[in-house]
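J.: Here it is, the structure, as structure tokens.
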Amino acid sequence: MSELILHHYPQSPFAEKARLLLGFKGLSWRSVFISPVMPKPNLIALTGGYRKTPVLQVGADIYCDTALIARRLEQEKSTPALFPQGLELVTQSFAAWADSLVFSHAVALVFQPESLAVKFAKVPPQMLEVLVADRAKLFSGGTAARVQLDLAKHQWPTIISRIDQQLQHQAGDFLFGEPSIADFALAHPLWFLKGSSVTAPWVDAYPAVATWLNRVLSFGHGTASEMSAEQALEVARNATPAALPDEQFEDLNGFKPGQQVSICATDYGTDLVAGELLFAGHEELILRRTDERGGAVHVHFPRLGFRIQRDKNICKQR
């Protein structure tokens with residue numbers, strides 16, 4: 001069985017979500033560090049254009065977006081479960097809300113001038129300018145609108161107090177009693193806020209939230225060992241992609257297996273990935289592409305939050 005390889009960088013909130021998922025599952029994995037900003041040539045050799053962090057590699061199969069990475073880890077090790085029976089809809093719906101609304105507010109709060117001055121006090125101003133410019137580009141062209149700082153400050157007390165209320169009254173130690181994908185989706189934006197002394201009090205002021213967050217973070221990151229980007233590319237070149245899922249191909253827009261298409265995120269980071277459409281299931285899309293450095297790979301995307309297009313330019317135009 002191929003090793004789990006996570007392409008990530010330490011400060012990424014969504015990478016922290018993936019690392020906590022690996023810890024919750026008690027899995028061993030290889031760690032490949034990538035740049036926080038473009039260009040990312042070694043990562044793009046595997047994904048074909050998808051630039052968001054993190055990316056999970058299993059041999060010659062490349063998994064984009066933590067929503068799909070969570071499903072892949074569930075396949076790797078079914079217990080403890082991320083999607084408890086009878087709570088599949090509510091936990092995943094909550095996770096989508098946390099990954100979008102809570103995360104977008106956390107970004108606005110962390111990237112305010114006062115917070116940046118503390119968080120990046122030792123970073124040269126030129127490097128900080130590169131980071132801010134890269135994030136502005138990342139959030140352009142998609143459906144996700146950046147939350148303005150004054151609105152984030154205005155709405156944050158409502159968001160966090162509602163969470164605190166549920167945690168006070170919830171039976172069990174987690175959002176829906178037992179641990180689920182919902183806990184990890186909410187934990188990473190709050191972990192991001194805790195990384196700045198300016199924004200940490202907006203989490204710590206809510207005792208039930210602070211206690212719950214420490215509980216989730218205590219799952220840790222599993223057992224990681226470093227791997228170089230070149231080693232990861234070599235793994236992909238020498239591996240054969242896994243068999244396609246045993247599920248009927250289904251696409252209501254008329255796309256068929258074998259078509260040359262482009263797939264891109266719809267919210268932000270809308271860089272396209274072009275290749276041969278192999279599979280469209282209820283949850284997952286699979287594209288086959290070839291790269292001289294990464295070889296023949298299957299790139300996996302979740303259906304929700306991504307689109308398939310015949311026109312390779314349309315992802316950027318939307």
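Here, A, B, ... name the chains of the structure tokens in the order displayed, residue numbers run from 1 inside each chain, and ligands are numbered from 1 in the same displayed order.
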Taking only residues of segment 163-238 of chain A that have an atom at most 7 Å from an atom of segment 113-128 of chain A, what is each one's shortest atom pair and its distance in Å to one decimal, using only C-alpha atoms, in chain and number order, as CSV?

T.:
```
residue,atom,partner,partner_atom,distance
A:Ser196,CA,A:Lys119,CA,5.5
A:Val198,CA,A:Ser115,CA,5.4
A:Thr199,CA,A:Ser115,CA,7.0
```

J.: I need the chosen residues saved as a PDB file, in the first residue's frame, with all heavy atoms.

T.:
```
ATOM      1  N   SER A 196      -2.293  34.448  16.702  1.00  0.00           N
ATOM      2  CA  SER A 196      -1.955  35.868  16.855  1.00  0.00           C
ATOM      3  C   SER A 196      -2.437  36.346  18.212  1.00  0.00           C
ATOM      4  O   SER A 196      -3.585  36.089  18.597  1.00  0.00           O
ATOM      5  CB  SER A 196      -2.615  36.702  15.751  1.00  0.00           C
ATOM      6  OG  SER A 196      -2.569  38.083  16.075  1.00  0.00           O
ATOM      7  N   VAL A 198      -3.248  39.175  18.987  1.00  0.00           N
ATOM      8  CA  VAL A 198      -4.316  40.164  18.799  1.00  0.00           C
ATOM      9  C   VAL A 198      -5.672  39.482  18.705  1.00  0.00           C
ATOM     10  O   VAL A 198      -6.673  39.970  19.241  1.00  0.00           O
ATOM     11  CB  VAL A 198      -4.055  41.004  17.530  1.00  0.00           C
ATOM     12  CG1 VAL A 198      -5.236  41.917  17.217  1.00  0.00           C
ATOM     13  CG2 VAL A 198      -2.777  41.820  17.690  1.00  0.00           C
ATOM     14  N   THR A 199      -5.733  38.342  18.029  1.00  0.00           N
ATOM     15  CA  THR A 199      -7.018  37.685  17.782  1.00  0.00           C
ATOM     16  C   THR A 199      -7.304  36.513  18.730  1.00  0.00           C
ATOM     17  O   THR A 199      -8.450  36.083  18.829  1.00  0.00           O
ATOM     18  CB  THR A 199      -7.076  37.172  16.327  1.00  0.00           C
ATOM     19  OG1 THR A 199      -5.941  36.355  16.067  1.00  0.00           O
ATOM     20  CG2 THR A 199      -7.085  38.343  15.358  1.00  0.00           C
TER      21      THR A 199
END
```

J.: List the spatial neighbours of Arg303 of chain A as a list in words - criterion: any atom at most 8 Å away, only C-alpha atoms, same-chain residues fewer than 4 positions off excluded.

T.: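 Everything that qualifies: Ala280, Gly281, His282, Glu283, Glu284, Leu285 and Arg307 of chain A.
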
J.: Write out as number ranges by chain each polymer residue whose atoms come within 6 Å of segment 138-149 of chain A, counting only C-alpha atoms; drop sequence neighbours fewer than 4 positions from it.

T.: A: 108, 266-269

J.: Calculated over only C-alpha atoms, which of the candidates A:Arg19, A:Lys77, A:His300, A:Lys52 has the smallest distance to Met38 of chain A?

T.: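 Using only C-alpha atoms, Met38 of chain A sits closest to A:Lys52.
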
J.: Using only C-alpha atoms, which of the listed residues (A:Phe33, A:Phe94, A:Tyr206, A:Phe306) sits closest to Ser161 of chain A?

T.: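 Nearest candidate to Ser161 of chain A out of A:Phe33, A:Phe94, A:Tyr206, A:Phe306: A:Tyr206.
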
J.: As a compact mmCIF listing (two decimals) with N, CA and C atoms, in the first residue's frame, please: every residue in segment 138-302 of chain A that a backbone DSSP assignment puts in helix (DSSP H, G or I).

T.:
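The result, written out as out-v2.txt:
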```
# COMPACT_ATOMS: atom_id res chain seq x y z
N LEU A 138 -5.19 35.01 -4.92
CA LEU A 138 -5.84 33.74 -4.63
C LEU A 138 -7.36 33.92 -4.52
N LEU A 149 -13.01 43.88 7.08
CA LEU A 149 -12.63 43.79 8.48
C LEU A 149 -13.72 44.29 9.42
N ASP A 150 -14.32 45.42 9.09
CA ASP A 150 -15.35 45.95 10.00
C ASP A 150 -16.54 45.01 10.11
N LEU A 151 -16.89 44.34 9.00
CA LEU A 151 -18.00 43.39 9.04
C LEU A 151 -17.60 42.13 9.82
N ALA A 152 -16.37 41.69 9.65
CA ALA A 152 -15.90 40.53 10.40
C ALA A 152 -15.95 40.80 11.90
N LYS A 153 -15.49 41.97 12.32
CA LYS A 153 -15.54 42.34 13.74
C LYS A 153 -16.98 42.44 14.23
N HIS A 154 -17.85 42.95 13.36
CA HIS A 154 -19.26 43.12 13.72
C HIS A 154 -19.95 41.77 13.92
N GLN A 155 -19.65 40.79 13.05
CA GLN A 155 -20.38 39.53 13.07
C GLN A 155 -19.75 38.45 13.94
N TRP A 156 -18.47 38.62 14.27
CA TRP A 156 -17.77 37.56 15.00
C TRP A 156 -18.43 37.22 16.34
N PRO A 157 -18.87 38.18 17.17
CA PRO A 157 -19.49 37.80 18.44
C PRO A 157 -20.70 36.89 18.28
N THR A 158 -21.48 37.09 17.23
CA THR A 158 -22.63 36.23 17.00
C THR A 158 -22.19 34.82 16.64
N ILE A 159 -21.22 34.72 15.74
CA ILE A 159 -20.74 33.41 15.30
C ILE A 159 -20.18 32.61 16.48
N ILE A 160 -19.27 33.21 17.21
CA ILE A 160 -18.57 32.46 18.25
C ILE A 160 -19.47 32.19 19.46
N SER A 161 -20.40 33.09 19.77
CA SER A 161 -21.29 32.86 20.92
C SER A 161 -22.29 31.75 20.63
N ARG A 162 -22.73 31.63 19.38
CA ARG A 162 -23.63 30.52 19.04
C ARG A 162 -22.92 29.18 19.20
N ILE A 163 -21.66 29.14 18.77
CA ILE A 163 -20.88 27.91 18.93
C ILE A 163 -20.71 27.60 20.41
N ASP A 164 -20.39 28.62 21.19
CA ASP A 164 -20.18 28.44 22.63
C ASP A 164 -21.45 27.91 23.30
N GLN A 165 -22.60 28.45 22.89
CA GLN A 165 -23.87 27.99 23.46
C GLN A 165 -24.10 26.52 23.17
N GLN A 166 -23.87 26.11 21.93
CA GLN A 166 -24.09 24.70 21.60
C GLN A 166 -23.17 23.81 22.41
N LEU A 167 -21.90 24.21 22.53
CA LEU A 167 -20.96 23.38 23.27
C LEU A 167 -21.31 23.29 24.75
N GLN A 168 -21.91 24.33 25.28
CA GLN A 168 -22.34 24.29 26.69
C GLN A 168 -23.46 23.28 26.91
N HIS A 169 -24.33 23.13 25.91
CA HIS A 169 -25.53 22.31 26.08
C HIS A 169 -25.44 20.95 25.40
N ILE A 181 -16.17 15.14 11.40
CA ILE A 181 -15.55 16.10 10.49
C ILE A 181 -15.89 17.52 10.88
N ALA A 182 -17.04 17.73 11.52
CA ALA A 182 -17.45 19.07 11.94
C ALA A 182 -16.44 19.69 12.90
N ASP A 183 -15.93 18.91 13.82
CA ASP A 183 -14.99 19.43 14.81
C ASP A 183 -13.70 19.91 14.15
N PHE A 184 -13.21 19.17 13.18
CA PHE A 184 -11.94 19.53 12.56
C PHE A 184 -12.09 20.72 11.61
N ALA A 185 -13.27 20.83 10.98
CA ALA A 185 -13.51 21.97 10.10
C ALA A 185 -13.63 23.27 10.89
N LEU A 186 -14.17 23.20 12.10
CA LEU A 186 -14.26 24.40 12.93
C LEU A 186 -12.94 24.69 13.64
N ALA A 187 -12.19 23.65 13.95
CA ALA A 187 -10.97 23.85 14.74
C ALA A 187 -9.93 24.67 13.99
N HIS A 188 -9.79 24.45 12.68
CA HIS A 188 -8.65 25.08 12.00
C HIS A 188 -8.76 26.61 11.90
N PRO A 189 -9.94 27.23 11.64
CA PRO A 189 -9.96 28.70 11.66
C PRO A 189 -9.74 29.28 13.06
N LEU A 190 -10.20 28.54 14.09
CA LEU A 190 -9.96 29.02 15.46
C LEU A 190 -8.49 28.87 15.84
N TRP A 191 -7.86 27.79 15.39
CA TRP A 191 -6.40 27.61 15.56
C TRP A 191 -5.66 28.76 14.89
N PHE A 192 -6.12 29.19 13.73
CA PHE A 192 -5.53 30.31 13.01
C PHE A 192 -5.64 31.59 13.83
N LEU A 193 -6.78 31.83 14.42
CA LEU A 193 -6.97 33.01 15.27
C LEU A 193 -6.07 32.94 16.51
N LYS A 194 -5.90 31.75 17.06
CA LYS A 194 -5.07 31.59 18.25
C LYS A 194 -3.60 31.86 17.97
N PRO A 201 -7.66 36.36 21.96
CA PRO A 201 -8.70 36.61 22.97
C PRO A 201 -10.12 36.42 22.45
N TRP A 202 -10.32 36.54 21.16
CA TRP A 202 -11.67 36.37 20.59
C TRP A 202 -12.08 34.92 20.54
N VAL A 203 -11.17 34.02 20.86
CA VAL A 203 -11.48 32.61 21.06
C VAL A 203 -11.48 32.29 22.56
N ASP A 204 -10.46 32.76 23.25
CA ASP A 204 -10.27 32.41 24.67
C ASP A 204 -11.36 32.99 25.57
N PRO A 207 -15.30 30.22 27.17
CA PRO A 207 -14.71 29.07 27.85
C PRO A 207 -15.05 27.71 27.22
N ALA A 208 -16.30 27.53 26.82
CA ALA A 208 -16.68 26.24 26.24
C ALA A 208 -15.95 26.01 24.92
N VAL A 209 -15.79 27.07 24.13
CA VAL A 209 -15.06 26.96 22.87
C VAL A 209 -13.60 26.65 23.13
N ALA A 210 -12.99 27.38 24.05
CA ALA A 210 -11.56 27.20 24.33
C ALA A 210 -11.27 25.78 24.83
N THR A 211 -12.14 25.27 25.69
CA THR A 211 -11.95 23.91 26.21
C THR A 211 -12.11 22.88 25.10
N TRP A 212 -13.15 23.05 24.30
CA TRP A 212 -13.38 22.13 23.18
C TRP A 212 -12.21 22.17 22.19
N LEU A 213 -11.70 23.37 21.86
CA LEU A 213 -10.60 23.48 20.90
C LEU A 213 -9.37 22.75 21.40
N ASN A 214 -9.04 22.90 22.65
CA ASN A 214 -7.90 22.17 23.22
C ASN A 214 -8.10 20.66 23.11
N ARG A 215 -9.33 20.24 23.27
CA ARG A 215 -9.65 18.81 23.16
C ARG A 215 -9.40 18.31 21.74
N VAL A 216 -9.81 19.09 20.74
CA VAL A 216 -9.62 18.69 19.34
C VAL A 216 -8.13 18.73 18.98
N LEU A 217 -7.44 19.78 19.39
CA LEU A 217 -6.02 19.90 19.07
C LEU A 217 -5.20 18.79 19.72
N ALA A 229 10.37 17.04 -2.06
CA ALA A 229 9.45 17.15 -3.20
C ALA A 229 9.88 16.24 -4.34
N GLU A 230 11.18 16.14 -4.56
CA GLU A 230 11.68 15.27 -5.63
C GLU A 230 11.36 13.80 -5.34
N GLN A 231 11.45 13.41 -4.08
CA GLN A 231 11.10 12.03 -3.73
C GLN A 231 9.62 11.77 -3.97
N ALA A 232 8.79 12.75 -3.66
CA ALA A 232 7.35 12.59 -3.88
C ALA A 232 7.03 12.47 -5.37
N LEU A 233 7.72 13.26 -6.19
CA LEU A 233 7.53 13.17 -7.64
C LEU A 233 7.99 11.80 -8.15
N GLU A 234 9.05 11.30 -7.58
CA GLU A 234 9.54 9.97 -7.99
C GLU A 234 8.52 8.90 -7.63
N VAL A 235 7.89 9.03 -6.46
CA VAL A 235 6.85 8.09 -6.06
C VAL A 235 5.72 8.08 -7.09
N ALA A 236 5.29 9.29 -7.51
CA ALA A 236 4.21 9.39 -8.49
C ALA A 236 4.61 8.76 -9.82
N ARG A 237 5.82 9.04 -10.28
CA ARG A 237 6.29 8.52 -11.57
C ARG A 237 6.32 6.99 -11.59
N ASN A 238 6.67 6.41 -10.45
CA ASN A 238 6.87 4.96 -10.39
C ASN A 238 5.61 4.19 -9.97
```

J.: Could you name the residues that touch Trp29 of chain A at 10 Å or less, counting only C-alpha atoms, but leaving out those on the same chain fewer than 2 positions away, as a PyMOL selection string?

T.: chain A and resi 3-6+19+22-23+26-27+31-32+56+221-227

J.: For Leu73 of chain A, find every residue with an atom within 9 Å (counting only C-alpha atoms), except residues of its own chain fewer than 3 positions away, and show them as a list in words.

T.: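 In the requested form, the answer reads Leu21, Leu22, Lys25, Leu27, Leu68, Ile69, Ala70, Glu76, Lys77, Ser78 and Leu82 of chain A.
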
J.: Using only N, CA, C and O atoms, please write the residues we just selected to a file, as a JSON list (two decimals), in the first residue's frame.

T.:
```
[["chain", "number", "residue", "atom", "x", "y", "z"],
["A", 21, "LEU", "N", -6.72, 15.60, 11.14],
["A", 21, "LEU", "CA", -7.43, 14.42, 10.66],
["A", 21, "LEU", "C", -6.52, 13.19, 10.70],
["A", 21, "LEU", "O", -6.93, 12.10, 11.10],
["A", 22, "LEU", "N", -5.27, 13.38, 10.29],
["A", 22, "LEU", "CA", -4.30, 12.29, 10.34],
["A", 22, "LEU", "C", -4.04, 11.86, 11.79],
["A", 22, "LEU", "O", -3.91, 10.67, 12.09],
["A", 25, "LYS", "N", -7.03, 9.87, 13.14],
["A", 25, "LYS", "CA", -7.03, 8.51, 12.60],
["A", 25, "LYS", "C", -5.83, 7.69, 13.10],
["A", 25, "LYS", "O", -5.79, 6.48, 12.89],
["A", 27, "LEU", "N", -2.68, 7.88, 12.01],
["A", 27, "LEU", "CA", -1.99, 7.43, 10.81],
["A", 27, "LEU", "C", -0.55, 7.93, 10.75],
["A", 27, "LEU", "O", -0.23, 8.99, 11.29],
["A", 68, "LEU", "N", -12.40, 16.33, 0.46],
["A", 68, "LEU", "CA", -12.14, 15.04, -0.19],
["A", 68, "LEU", "C", -11.02, 14.28, 0.51],
["A", 68, "LEU", "O", -11.06, 13.04, 0.61],
["A", 69, "ILE", "N", -10.02, 14.99, 1.00],
["A", 69, "ILE", "CA", -8.95, 14.34, 1.75],
["A", 69, "ILE", "C", -9.53, 13.59, 2.95],
["A", 69, "ILE", "O", -9.12, 12.46, 3.26],
["A", 70, "ALA", "N", -10.51, 14.19, 3.62],
["A", 70, "ALA", "CA", -11.15, 13.52, 4.75],
["A", 70, "ALA", "C", -11.80, 12.22, 4.33],
["A", 70, "ALA", "O", -11.70, 11.20, 5.02],
["A", 76, "GLU", "N", -8.93, 4.95, 4.15],
["A", 76, "GLU", "CA", -7.67, 4.40, 4.64],
["A", 76, "GLU", "C", -7.86, 3.68, 5.97],
["A", 76, "GLU", "O", -7.29, 2.61, 6.21],
["A", 77, "LYS", "N", -8.68, 4.30, 6.84],
["A", 77, "LYS", "CA", -8.90, 3.73, 8.17],
["A", 77, "LYS", "C", -10.30, 4.15, 8.61],
["A", 77, "LYS", "O", -10.54, 5.33, 8.90],
["A", 78, "SER", "N", -11.20, 3.20, 8.69],
["A", 78, "SER", "CA", -12.62, 3.53, 8.89],
["A", 78, "SER", "C", -12.96, 3.96, 10.31],
["A", 78, "SER", "O", -13.97, 4.65, 10.54],
["A", 82, "LEU", "N", -15.07, 9.67, 10.82],
["A", 82, "LEU", "CA", -15.26, 11.11, 10.64],
["A", 82, "LEU", "C", -16.70, 11.46, 10.29],
["A", 82, "LEU", "O", -17.11, 12.61, 10.44]]
```

J.: Just want the 9 Å neighbourhood of Gln11 of chain A, counted on only C-alpha atoms, with same-chain residues fewer than 4 positions away dropped. Output as an MDAnalysis selection string.

T.: chainID A and resid 15:16 36 192 195

J.: Next, dump the selected residues to file, keeping only all heavy atoms, as a PDB file, in the first residue's frame.

T.:
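This is the output file out_1.pdb:
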```pdb
ATOM      1  N   ALA A  15      -4.161  23.100   6.137  1.00  0.00           N
ATOM      2  CA  ALA A  15      -3.186  22.043   6.380  1.00  0.00           C
ATOM      3  C   ALA A  15      -3.277  21.553   7.821  1.00  0.00           C
ATOM      4  O   ALA A  15      -3.135  20.351   8.085  1.00  0.00           O
ATOM      5  CB  ALA A  15      -1.775  22.538   6.069  1.00  0.00           C
ATOM      6  N   GLU A  16      -3.522  22.454   8.752  1.00  0.00           N
ATOM      7  CA  GLU A  16      -3.699  22.038  10.145  1.00  0.00           C
ATOM      8  C   GLU A  16      -4.920  21.132  10.266  1.00  0.00           C
ATOM      9  O   GLU A  16      -4.903  20.147  11.014  1.00  0.00           O
ATOM     10  CB  GLU A  16      -3.843  23.254  11.053  1.00  0.00           C
ATOM     11  CG  GLU A  16      -4.070  22.934  12.518  1.00  0.00           C
ATOM     12  CD  GLU A  16      -2.911  22.206  13.192  1.00  0.00           C
ATOM     13  OE1 GLU A  16      -1.811  22.094  12.591  1.00  0.00           O
ATOM     14  OE2 GLU A  16      -3.088  21.731  14.334  1.00  0.00           O
ATOM     15  N   PRO A  36       4.373  28.825   0.811  1.00  0.00           N
ATOM     16  CA  PRO A  36       3.051  29.404   1.073  1.00  0.00           C
ATOM     17  C   PRO A  36       2.513  30.207  -0.108  1.00  0.00           C
ATOM     18  O   PRO A  36       1.312  30.480  -0.169  1.00  0.00           O
ATOM     19  CB  PRO A  36       3.296  30.310   2.290  1.00  0.00           C
ATOM     20  CG  PRO A  36       4.591  29.859   2.869  1.00  0.00           C
ATOM     21  CD  PRO A  36       5.398  29.353   1.724  1.00  0.00           C
ATOM     22  N   PHE A 192      -6.125  29.188  13.735  1.00  0.00           N
ATOM     23  CA  PHE A 192      -5.529  30.315  13.010  1.00  0.00           C
ATOM     24  C   PHE A 192      -5.635  31.594  13.835  1.00  0.00           C
ATOM     25  O   PHE A 192      -4.658  32.348  13.969  1.00  0.00           O
ATOM     26  CB  PHE A 192      -6.243  30.468  11.675  1.00  0.00           C
ATOM     27  CG  PHE A 192      -5.522  31.324  10.664  1.00  0.00           C
ATOM     28  CD1 PHE A 192      -4.147  31.271  10.510  1.00  0.00           C
ATOM     29  CD2 PHE A 192      -6.240  32.179   9.827  1.00  0.00           C
ATOM     30  CE1 PHE A 192      -3.492  32.044   9.563  1.00  0.00           C
ATOM     31  CE2 PHE A 192      -5.596  32.960   8.880  1.00  0.00           C
ATOM     32  CZ  PHE A 192      -4.226  32.896   8.744  1.00  0.00           C
ATOM     33  N   GLY A 195      -3.216  31.878  16.687  1.00  0.00           N
ATOM     34  CA  GLY A 195      -1.826  32.112  16.329  1.00  0.00           C
ATOM     35  C   GLY A 195      -1.383  33.545  16.423  1.00  0.00           C
ATOM     36  O   GLY A 195      -0.193  33.850  16.248  1.00  0.00           O
TER      37      GLY A 195
END
```

J.: Rounded to one decimal in Å, what is the spacing between atom CA of Asp271 of chain A and atom CA of Asp134 of chain A?

T.: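 Computing it gives 13.2 Å between the two atoms.
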
J.: For atom CA of Ala200 of chain A and atom CA of Pro179 of chain A, determine how far apart the two atoms are, in Å to one decimal place.

T.: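 Separating atom CA of Ala200 of chain A from atom CA of Pro179 of chain A is a distance of 23.6 Å.
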
J.: Between atom CA of Phe279 of chain A and atom CA of Gly295 of chain A, what is the spacing in Å?

T.: 19.3 Å
